>>> print(open('upload.cif').read())   # mmCIF, C-alpha atoms and all ligand atoms
data_run
loop_
_atom_site.label_atom_id
_atom_site.label_comp_id
_atom_site.auth_asym_id
_atom_site.auth_seq_id
_atom_site.Cartn_x
_atom_site.Cartn_y
_atom_site.Cartn_z
CA MET A 29 -43.49 75.04 5.84
CA ASN A 30 -42.56 71.43 5.20
CA LYS A 31 -41.37 69.40 8.14
CA PRO A 32 -37.59 69.26 8.31
CA ALA A 33 -36.14 65.87 7.47
CA VAL A 34 -33.50 63.86 9.25
CA LEU A 35 -31.82 60.97 7.52
CA LEU A 36 -30.54 58.10 9.62
CA ASP A 37 -30.03 54.37 9.32
CA GLU A 38 -28.56 51.69 11.55
CA ARG A 39 -26.49 50.39 8.65
CA TYR A 40 -24.20 53.35 9.40
CA PHE A 41 -22.92 51.27 12.34
CA ASP A 42 -21.52 48.62 10.01
CA HIS A 43 -18.27 50.45 9.26
CA ARG A 44 -16.17 49.66 12.33
CA VAL A 45 -12.91 48.23 13.55
CA ASP A 46 -12.07 46.21 16.66
CA LEU A 47 -9.47 48.72 17.76
CA PRO A 48 -10.03 52.09 19.41
CA SER A 49 -10.80 54.88 16.93
CA PRO A 50 -12.43 58.25 17.59
CA GLU A 51 -14.58 57.68 14.49
CA ASN A 52 -16.71 54.71 15.50
CA PRO A 53 -20.38 53.65 15.49
CA ASN A 54 -20.90 54.81 19.09
CA ARG A 55 -20.93 58.35 17.77
CA LEU A 56 -24.43 57.62 16.48
CA ARG A 57 -25.63 54.59 18.42
CA LYS A 58 -27.39 56.48 21.23
CA LEU A 59 -28.24 59.46 19.08
CA PHE A 60 -30.55 57.65 16.65
CA PRO A 61 -33.05 56.40 19.28
CA LEU A 62 -32.85 59.78 21.02
CA VAL A 63 -33.81 61.58 17.82
CA LYS A 64 -36.64 59.15 17.14
CA GLN A 65 -38.06 59.51 20.66
CA LYS A 66 -37.64 63.23 21.13
CA TYR A 67 -39.02 64.34 17.77
CA ASN A 68 -41.59 61.64 17.18
CA GLY A 69 -43.97 63.04 14.58
CA SER A 70 -42.42 66.47 14.18
CA LEU A 71 -39.63 65.41 11.84
CA ARG A 72 -39.67 63.40 8.65
CA LEU A 73 -37.34 60.45 8.98
CA ILE A 74 -35.77 59.40 5.71
CA GLU A 75 -33.71 56.37 4.84
CA PRO A 76 -30.66 56.47 2.59
CA ARG A 77 -29.95 54.68 -0.63
CA GLU A 78 -26.52 53.51 -1.70
CA ALA A 79 -24.79 55.86 -4.11
CA CYS A 80 -23.61 53.94 -7.14
CA ILE A 81 -19.96 53.88 -8.14
CA GLU A 82 -20.67 55.99 -11.25
CA GLU A 83 -22.00 58.79 -9.01
CA ILE A 84 -18.97 58.57 -6.73
CA GLU A 85 -16.59 58.61 -9.70
CA ARG A 86 -17.92 61.99 -10.78
CA ILE A 87 -15.64 63.31 -7.99
CA HIS A 88 -13.28 60.46 -7.12
CA SER A 89 -10.88 58.84 -9.56
CA ALA A 90 -11.55 55.30 -10.73
CA PHE A 91 -8.06 54.43 -9.53
CA TYR A 92 -8.88 55.55 -5.98
CA VAL A 93 -12.21 53.70 -5.93
CA ARG A 94 -10.38 50.56 -7.08
CA GLN A 95 -7.87 51.01 -4.23
CA ILE A 96 -10.72 51.11 -1.72
CA ARG A 97 -12.20 47.93 -3.18
CA GLU A 98 -8.85 46.21 -2.85
CA HIS A 99 -8.16 47.37 0.72
CA VAL A 100 -11.55 46.43 2.18
CA ILE A 101 -10.82 42.76 1.52
CA LYS A 102 -7.27 42.81 2.86
CA ASN A 103 -8.12 42.02 6.47
CA ASP A 104 -5.71 44.70 7.60
CA PRO A 105 -7.82 47.72 8.63
CA TYR A 106 -5.01 50.24 8.45
CA SER A 107 -3.37 49.03 5.25
CA TYR A 108 -4.52 52.11 3.34
CA ASP A 109 -4.09 54.93 5.87
CA LYS A 110 -3.19 55.33 9.54
CA ASP A 111 -6.59 56.89 10.46
CA THR A 112 -8.95 55.77 7.75
CA TYR A 113 -9.58 52.13 8.53
CA LEU A 114 -11.14 49.93 5.86
CA MET A 115 -13.02 46.75 6.74
CA ASP A 116 -15.42 44.49 4.88
CA HIS A 117 -18.49 46.75 5.30
CA SER A 118 -16.64 50.00 4.79
CA LEU A 119 -17.30 50.40 1.08
CA THR A 120 -21.04 49.78 1.41
CA THR A 121 -21.33 52.09 4.41
CA ALA A 122 -19.43 54.82 2.57
CA GLN A 123 -21.76 54.39 -0.43
CA LEU A 124 -24.73 54.71 1.94
CA ALA A 125 -23.24 57.89 3.42
CA VAL A 126 -22.92 59.51 -0.01
CA GLY A 127 -26.31 58.15 -1.05
CA GLY A 128 -27.98 59.48 2.10
CA CYS A 129 -26.67 62.91 1.38
CA ILE A 130 -27.81 62.76 -2.25
CA GLU A 131 -31.22 61.45 -1.22
CA LEU A 132 -31.92 64.49 0.95
CA ALA A 133 -30.40 66.96 -1.50
CA GLU A 134 -32.54 65.61 -4.32
CA ARG A 135 -35.73 65.95 -2.28
CA ILE A 136 -34.76 69.50 -1.35
CA ILE A 137 -33.94 70.59 -4.89
CA ASN A 138 -37.14 69.15 -6.33
CA GLY A 139 -39.22 70.95 -3.68
CA GLU A 140 -40.40 68.02 -1.61
CA LEU A 141 -38.43 69.29 1.42
CA ASN A 142 -36.82 72.56 2.45
CA GLN A 143 -34.30 71.55 5.02
CA GLY A 144 -32.61 68.34 5.98
CA PHE A 145 -29.94 66.91 8.19
CA ALA A 146 -28.05 63.80 7.09
CA LEU A 147 -26.78 61.92 10.16
CA ILE A 148 -24.29 59.83 8.29
CA ARG A 149 -20.89 58.27 8.74
CA PRO A 150 -18.13 57.90 7.76
CA PRO A 151 -17.59 61.65 7.38
CA GLY A 152 -16.40 63.00 4.04
CA HIS A 153 -14.79 66.43 3.88
CA HIS A 154 -11.15 65.24 4.02
CA ALA A 155 -11.59 62.80 1.13
CA GLU A 156 -9.88 64.24 -1.92
CA PRO A 157 -10.64 63.11 -5.47
CA GLY A 158 -7.63 60.80 -5.44
CA ARG A 159 -7.23 59.80 -1.80
CA GLY A 160 -9.10 59.20 1.43
CA MET A 161 -7.81 60.44 4.78
CA GLY A 162 -8.85 61.63 8.23
CA PHE A 163 -11.59 58.97 8.65
CA CYS A 164 -13.13 60.02 5.30
CA ILE A 165 -13.56 57.54 2.45
CA PHE A 166 -15.78 59.40 -0.04
CA ASN A 167 -16.55 63.10 0.02
CA ASN A 168 -20.27 63.05 0.74
CA VAL A 169 -20.84 66.76 0.24
CA ALA A 170 -18.69 67.07 -2.89
CA VAL A 171 -20.32 64.12 -4.65
CA THR A 172 -23.72 65.55 -3.73
CA ALA A 173 -22.84 68.99 -5.12
CA LYS A 174 -21.65 67.39 -8.36
CA PHE A 175 -24.87 65.37 -8.53
CA LEU A 176 -26.96 68.54 -8.16
CA GLN A 177 -24.99 70.25 -10.91
CA GLU A 178 -25.21 67.39 -13.38
CA ARG A 179 -28.66 65.97 -12.69
CA TYR A 180 -30.52 69.17 -11.88
CA GLY A 181 -28.44 71.85 -13.60
CA VAL A 182 -27.85 73.73 -10.34
CA GLU A 183 -25.45 76.54 -11.23
CA ARG A 184 -24.49 78.04 -7.87
CA ILE A 185 -23.92 75.98 -4.74
CA LEU A 186 -22.62 77.41 -1.47
CA ILE A 187 -20.83 74.97 0.82
CA ILE A 188 -20.06 76.13 4.36
CA ASP A 189 -17.81 73.88 6.43
CA TYR A 190 -17.61 74.62 10.16
CA ASP A 191 -16.02 71.35 11.18
CA ILE A 192 -12.94 72.27 13.22
CA HIS A 193 -10.66 70.76 10.58
CA HIS A 194 -10.07 72.20 7.13
CA GLY A 195 -12.26 70.65 4.42
CA ASN A 196 -9.31 69.92 2.15
CA GLY A 197 -11.15 67.34 0.07
CA THR A 198 -14.07 69.61 -0.78
CA GLN A 199 -11.66 72.45 -1.52
CA GLU A 200 -9.74 70.32 -3.98
CA ALA A 201 -12.86 69.01 -5.71
CA PHE A 202 -14.02 72.51 -6.70
CA TYR A 203 -10.80 74.52 -6.63
CA ASP A 204 -11.10 75.53 -10.31
CA SER A 205 -14.84 76.19 -10.27
CA ASP A 206 -16.86 79.38 -9.84
CA GLU A 207 -20.09 77.39 -9.58
CA VAL A 208 -19.33 76.08 -6.11
CA LEU A 209 -18.32 78.60 -3.47
CA PHE A 210 -16.55 76.83 -0.64
CA ILE A 211 -16.09 78.47 2.76
CA SER A 212 -14.18 76.63 5.47
CA VAL A 213 -13.85 78.00 8.99
CA HIS A 214 -11.39 75.85 10.90
CA GLN A 215 -8.73 75.95 13.61
CA ASN A 216 -5.28 76.87 12.34
CA ASN A 217 -2.32 74.50 12.71
CA LEU A 218 -4.52 71.46 13.04
CA PHE A 219 -4.93 68.34 10.88
CA PRO A 220 -4.78 68.25 7.82
CA PHE A 221 -2.54 71.35 8.08
CA SER A 222 -3.90 72.92 4.89
CA GLY A 223 -6.45 75.71 4.55
CA THR A 224 -4.54 78.98 4.71
CA GLU A 225 -6.19 82.25 3.62
CA ARG A 226 -3.92 82.25 0.58
CA GLU A 227 -5.64 79.19 -0.92
CA ILE A 228 -8.27 81.16 -2.83
CA GLY A 229 -9.02 78.95 -5.84
CA ASN A 230 -7.54 78.67 -9.30
CA GLU A 231 -8.48 79.78 -12.83
CA ASN A 232 -12.28 80.25 -12.95
CA GLY A 233 -12.41 79.28 -9.30
CA ARG A 234 -10.20 82.17 -8.18
CA GLY A 235 -12.04 83.89 -5.36
CA TYR A 236 -14.46 80.99 -4.87
CA ASN A 237 -12.51 79.22 -2.15
CA ILE A 238 -12.51 81.03 1.18
CA ASN A 239 -10.50 79.67 4.06
CA MET A 240 -10.87 81.22 7.49
CA PRO A 241 -8.34 79.63 9.82
CA VAL A 242 -9.14 80.74 13.38
CA HIS A 243 -7.25 80.75 16.66
CA SER A 244 -7.68 77.87 19.04
CA GLN A 245 -9.27 80.10 21.68
CA PHE A 246 -12.13 81.30 19.49
CA GLY A 247 -15.59 80.61 20.83
CA ASP A 248 -19.23 81.47 20.26
CA GLU A 249 -18.86 85.22 19.93
CA GLU A 250 -16.06 85.17 17.36
CA TYR A 251 -17.61 82.36 15.35
CA THR A 252 -21.04 83.96 15.22
CA PHE A 253 -19.57 87.27 14.12
CA LEU A 254 -17.34 85.66 11.48
CA ILE A 255 -19.95 83.41 9.90
CA GLY A 256 -22.60 86.13 10.22
CA LYS A 257 -20.40 88.56 8.29
CA LEU A 258 -19.62 85.97 5.61
CA LEU A 259 -23.30 85.23 5.15
CA GLN A 260 -24.16 88.92 4.82
CA SER A 261 -21.39 89.63 2.36
CA VAL A 262 -20.32 86.61 0.36
CA ALA A 263 -23.50 84.55 0.45
CA GLU A 264 -25.68 87.49 -0.57
CA GLN A 265 -23.34 88.44 -3.39
CA PHE A 266 -23.05 84.88 -4.68
CA MET A 267 -26.80 84.08 -4.43
CA PRO A 268 -26.62 80.27 -4.30
CA GLU A 269 -29.54 78.05 -5.27
CA ILE A 270 -28.89 75.76 -2.29
CA ILE A 271 -26.63 75.79 0.78
CA LEU A 272 -24.82 72.64 1.87
CA ILE A 273 -23.33 72.59 5.35
CA SER A 274 -20.44 70.38 6.36
CA ALA A 275 -21.59 70.28 9.95
CA GLY A 276 -18.77 69.17 12.19
CA PHE A 277 -19.24 69.29 15.94
CA ASP A 278 -15.61 68.84 16.93
CA GLY A 279 -15.12 72.55 17.64
CA HIS A 280 -17.17 72.08 20.81
CA ALA A 281 -15.34 73.11 24.00
CA ASP A 282 -15.69 69.57 25.36
CA ASP A 283 -14.20 67.90 22.28
CA ASN A 284 -10.54 67.29 23.02
CA ILE A 285 -9.60 67.03 19.36
CA SER A 286 -9.60 70.85 19.13
CA GLY A 287 -8.85 73.88 21.26
CA THR A 288 -11.86 76.00 20.27
CA LEU A 289 -14.56 76.82 22.79
CA LEU A 290 -17.92 76.48 21.07
CA SER A 291 -20.89 75.76 23.31
CA THR A 292 -23.80 73.45 22.65
CA ARG A 293 -26.03 76.53 22.39
CA TRP A 294 -23.86 77.89 19.58
CA PHE A 295 -24.90 75.05 17.27
CA HIS A 296 -28.49 76.15 17.78
CA THR A 297 -27.60 79.79 17.08
CA ILE A 298 -25.62 79.09 13.93
CA THR A 299 -28.32 76.83 12.54
CA THR A 300 -30.87 79.61 13.02
CA MET A 301 -28.56 82.08 11.34
CA LEU A 302 -27.93 79.77 8.39
CA ARG A 303 -31.65 79.11 8.01
CA GLN A 304 -32.29 82.83 7.92
CA SER A 305 -29.78 83.18 5.10
CA ALA A 306 -31.31 80.26 3.25
CA ARG A 307 -34.71 81.93 3.58
CA ASP A 308 -33.37 85.24 2.30
CA ILE A 309 -31.42 83.90 -0.67
CA CYS A 310 -32.44 80.40 -1.74
CA ASN A 311 -36.04 79.59 -0.82
CA ASP A 312 -35.08 77.89 2.46
CA ARG A 313 -33.07 75.20 0.69
CA ILE A 314 -30.41 74.03 3.13
CA LEU A 315 -28.87 70.65 3.86
CA PHE A 316 -26.76 69.87 6.93
CA VAL A 317 -24.39 66.94 6.61
CA LEU A 318 -22.64 65.41 9.61
CA GLU A 319 -18.85 65.52 9.51
CA GLY A 320 -16.77 65.24 12.74
CA GLY A 321 -17.56 65.33 16.45
CA TYR A 322 -15.72 62.89 18.70
CA ASN A 323 -16.94 63.57 22.23
CA GLN A 324 -20.07 61.50 22.30
CA ASP A 325 -21.94 63.69 24.83
CA SER A 326 -21.21 67.01 23.18
CA LEU A 327 -21.88 65.53 19.74
CA GLU A 328 -25.30 64.26 20.83
CA GLU A 329 -26.26 67.50 22.57
CA SER A 330 -25.09 69.64 19.67
CA VAL A 331 -26.87 67.56 17.04
CA LEU A 332 -30.07 67.82 19.09
CA ALA A 333 -29.53 71.59 19.40
CA THR A 334 -29.24 71.76 15.60
CA ILE A 335 -32.46 69.81 15.13
CA ASP A 336 -34.24 71.97 17.74
CA SER A 337 -33.31 75.00 15.68
CA LEU A 338 -34.49 73.38 12.43
CA LEU A 339 -37.88 72.87 14.07
CA GLN A 340 -38.43 76.47 15.12
CA PRO A 341 -41.30 77.76 12.99
CA GLU A 342 -40.33 81.39 13.51
CA MET A 343 -36.70 82.28 13.38
CA PRO A 344 -35.68 85.05 15.75
CA ARG A 345 -33.02 87.32 14.23
CA VAL A 346 -29.70 86.36 15.74
CA GLY A 347 -28.11 89.27 17.54
CA VAL A 348 -24.43 89.54 16.62
CA LEU A 349 -21.94 91.22 18.94
CA HIS A 350 -18.94 92.83 17.35
CA SER A 351 -15.76 90.78 17.74
CA GLU A 352 -12.53 92.65 17.16
CA ARG A 353 -10.51 89.43 16.89
CA ALA A 354 -12.79 88.00 14.23
CA ASP A 355 -13.12 91.29 12.39
CA SER A 356 -9.36 91.60 12.05
CA LEU A 357 -9.29 88.23 10.23
CA LEU A 358 -11.85 89.52 7.73
CA LYS A 359 -10.07 92.83 7.22
CA LYS A 360 -6.75 91.23 6.37
CA HIS A 361 -8.19 88.40 4.28
CA PRO A 362 -6.83 88.29 0.70
CA LEU A 363 -10.38 88.09 -0.67
CA ASN A 364 -11.49 91.19 1.19
CA GLN A 365 -11.81 93.23 -2.01
CA PHE A 366 -13.13 90.38 -4.14
CA TRP A 367 -16.19 89.96 -1.95
CA THR A 368 -16.30 93.21 0.02
CA LEU A 369 -16.13 91.29 3.28
ZN ZN B 401 -13.17 67.47 12.11
#
>>> encode(input="upload.cif", output="structure tokens", more="lines below")
Ligand SMILES: [Zn+2]
Amino acid sequence: MNKPAVLLDERYFDHRVDLPSPENPNRLRKLFPLVKQKYNGSLRLIEPREACIEEIERIHSAFYVRQIREHVIKNDPYSYDKDTYLMDHSLTTAQLAVGGCIELAERIINGELNQGFALIRPPGHHAEPGRGMGFCIFNNVAVTAKFLQERYGVERILIIDYDIHHGNGTQEAFYDSDEVLFISVHQNNLFPFSGTEREIGNENGRGYNINMPVHSQFGDEEYTFLIGKLLQSVAEQFMPEIILISAGFDGHADDNISGTLLSTRWFHTITTMLRQSARDICNDRILFVLEGGYNQDSLEESVLATIDSLLQPEMPRVGVLHSERADSLLKKHPLNQFWTL
């Protein structure tokens, strides 16, 4: 097996503001040296390239990209949006975030790597084709999926988003498409307040957008059962050529942005489970992309737990306990018949 790859770069610190924001360079500042020390030699470290504007405009409108260009030079960080600050380096850093994600995806799809983890910022899954929000400027995962479709003719891409917030931007980008199956598991009644079960896709995309809003008290057991079931049913029926993961760590019990109770260990478990699926259905091709995670300690520990799992040569089968609470969500889901959940 190829060594797993991690993509990181100190230029990801350049997008910042001199006011307090949960999404800031400190999220990654200690993590990068930790990763380099702990996994010296066992991981491949890859550097990003900048995505070009033409690549970004395959998902985002030219009008929106022009707005970003205008706001980064305004000297008023919150002139565009109350969360999504824009400063002089923001555009370049956002291009590097998209480009980092593409860089790993390209190496995976052409067989140079099997699995990768892009430790990038700013995050992307809230960025819609026509607007940025929730700390997200460009939708890293969506632009990457589009790139794989257009450059490599990839016909079926599975995106699983377990950030605690709904991936509204990714949903919108592929809402009409049956070539990208988007699954978002997120806490209900939380920013951006979209992502109900009833949003199931449109036209050709009907059935290819699966939202699983969960209760704030869900933890490891419910999450493992829910995602495990989705992998066994939907993923195996869809048979993707690659799996992209919007890996958010803000569902951790210690992250105050959410009410869910995930442990550090869970991020190890779910990574193993996802790798098993990737082995079964798409030749191990899986790319993890960092989204949220705002408690620095739990983010660092959970990212390291994810990398530890990526490095396991043998993957023990994950034992899944039945969860009545999670099972009831599957049973009443509007796509229950569509996918035999
Ligand atoms: Zn989030």
>>> atom_distance(input="upload.cif", atom1="atom CA of Gln177 of chain A", atom2="atom CA of Leu141 of chain A")
18.3 Å
>>> residues_near_point(input="upload.cif", point="(-37.4, 62.9, 7.2)", cutoff="6 Å", atoms="all atoms listed in the file", output="list in words")
Ala33, Val34, Leu35, Leu71, Arg72, Leu73 and Ile74 of chain A
>>> write_last_selection(input="upload.cif", atoms="C-alpha atoms", output="JSON list (two decimals), keeping the file's coordinate frame")
[["chain", "number", "residue", "atom", "x", "y", "z"],
["A", 33, "ALA", "CA", -36.14, 65.87, 7.47],
["A", 34, "VAL", "CA", -33.50, 63.86, 9.25],
["A", 35, "LEU", "CA", -31.82, 60.97, 7.52],
["A", 71, "LEU", "CA", -39.63, 65.41, 11.84],
["A", 72, "ARG", "CA", -39.67, 63.40, 8.65],
["A", 73, "LEU", "CA", -37.34, 60.45, 8.98],
["A", 74, "ILE", "CA", -35.77, 59.40, 5.71]]
>>> atom_distance(input="upload.cif", atom1="atom CA of Val213 of chain A", atom2="atom CA of His43 of chain A")
27.9 Å
>>> residues_near_ligand(input="upload.cif", ligand="ligand ZN 401 (chain B)", cutoff="6 Å", atoms="all atoms listed in the file", output="list in words")
Asp191, Ile192, His193, Gly276, Asp278 and Gly320 of chain A
>>> residues_around(input="upload.cif", residues="Pro241 of chain A", least_positions_apart="2", cutoff="10 Å", atoms="only C-alpha atoms", output="VMD selection string")
chain A and resid 192 to 194 212 to 218 222 to 225 238 to 239 243 to 244 357
>>> residues_around(input="upload.cif", residues="segment 109-113 of chain A", least_positions_apart="5", cutoff="12 Å", atoms="all atoms listed in the file", output="count of residues only")
36
>>> atom_distance(input="upload.cif", atom1="atom CA of Lys66 of chain A", atom2="atom CA of His296 of chain A")
16.2 Å
>>> closest_residue(input="upload.cif", among="A:Met301, A:Ala263, A:Cys129, A:Leu254", to="Lys174 of chain A", atoms="all atoms listed in the file")
A:Cys129
>>> closest_residue(input="upload.cif", among="A:Val348, A:Ile188, A:Val63, A:Leu56", to="Asp336 of chain A", atoms="all atoms listed in the file")
A:Val63
>>> residues_around(input="upload.cif", residues="Phe60 of chain A", least_positions_apart="5", cutoff="12 Å", atoms="only C-alpha atoms", output="ChimeraX atom specification")
/A:34-41,53-55,65-68,73,146-148,328,331-332
>>> closest_residue(input="upload.cif", among="A:Tyr190, A:Phe266, A:Phe295, A:Phe253", to="Ser356 of chain A", atoms="only C-alpha atoms")
A:Phe253
>>> residues_around(input="upload.cif", residues="segment 341-344 of chain A", least_positions_apart="5", cutoff="12 Å", atoms="only C-alpha atoms", output="list in words")
Met29, Asn30, Lys31, Pro32, Ser70, His296, Thr297, Ile298, Thr299, Thr300, Met301, Leu302, Arg303, Gln304, Ser305, Ala306, Arg307, Asp308, Asp312 and Asp336 of chain A
>>> residues_around(input="upload.cif", residues="segment 198-208 of chain A", least_positions_apart="2", cutoff="10 Å", atoms="all atoms listed in the file", output="short mmCIF file (atom, residue, chain, number, x, y, z; two decimals) with C-alpha atoms, keeping the file's coordinate frame")
data_model
loop_
_atom_site.label_atom_id
_atom_site.label_comp_id
_atom_site.auth_asym_id
_atom_site.auth_seq_id
_atom_site.Cartn_x
_atom_site.Cartn_y
_atom_site.Cartn_z
CA ILE A 87 -15.64 63.31 -7.99
CA HIS A 88 -13.28 60.46 -7.12
CA GLY A 152 -16.40 63.00 4.04
CA HIS A 153 -14.79 66.43 3.88
CA HIS A 154 -11.15 65.24 4.02
CA ALA A 155 -11.59 62.80 1.13
CA GLU A 156 -9.88 64.24 -1.92
CA PRO A 157 -10.64 63.11 -5.47
CA GLY A 158 -7.63 60.80 -5.44
CA ASN A 167 -16.55 63.10 0.02
CA ASN A 168 -20.27 63.05 0.74
CA VAL A 169 -20.84 66.76 0.24
CA ALA A 170 -18.69 67.07 -2.89
CA VAL A 171 -20.32 64.12 -4.65
CA ALA A 173 -22.84 68.99 -5.12
CA LYS A 174 -21.65 67.39 -8.36
CA GLN A 177 -24.99 70.25 -10.91
CA VAL A 182 -27.85 73.73 -10.34
CA GLU A 183 -25.45 76.54 -11.23
CA ARG A 184 -24.49 78.04 -7.87
CA ILE A 185 -23.92 75.98 -4.74
CA LEU A 186 -22.62 77.41 -1.47
CA ILE A 187 -20.83 74.97 0.82
CA ASP A 189 -17.81 73.88 6.43
CA HIS A 194 -10.07 72.20 7.13
CA GLY A 195 -12.26 70.65 4.42
CA ASN A 196 -9.31 69.92 2.15
CA PHE A 210 -16.55 76.83 -0.64
CA ILE A 211 -16.09 78.47 2.76
CA SER A 212 -14.18 76.63 5.47
CA GLY A 223 -6.45 75.71 4.55
CA GLU A 227 -5.64 79.19 -0.92
CA ILE A 228 -8.27 81.16 -2.83
CA GLY A 229 -9.02 78.95 -5.84
CA ASN A 230 -7.54 78.67 -9.30
CA GLU A 231 -8.48 79.78 -12.83
CA ASN A 232 -12.28 80.25 -12.95
CA GLY A 233 -12.41 79.28 -9.30
CA ARG A 234 -10.20 82.17 -8.18
CA GLY A 235 -12.04 83.89 -5.36
CA TYR A 236 -14.46 80.99 -4.87
CA ASN A 237 -12.51 79.22 -2.15
CA ILE A 238 -12.51 81.03 1.18
CA ASN A 239 -10.50 79.67 4.06
CA PHE A 266 -23.05 84.88 -4.68
CA PRO A 268 -26.62 80.27 -4.30
CA SER A 274 -20.44 70.38 6.36
#
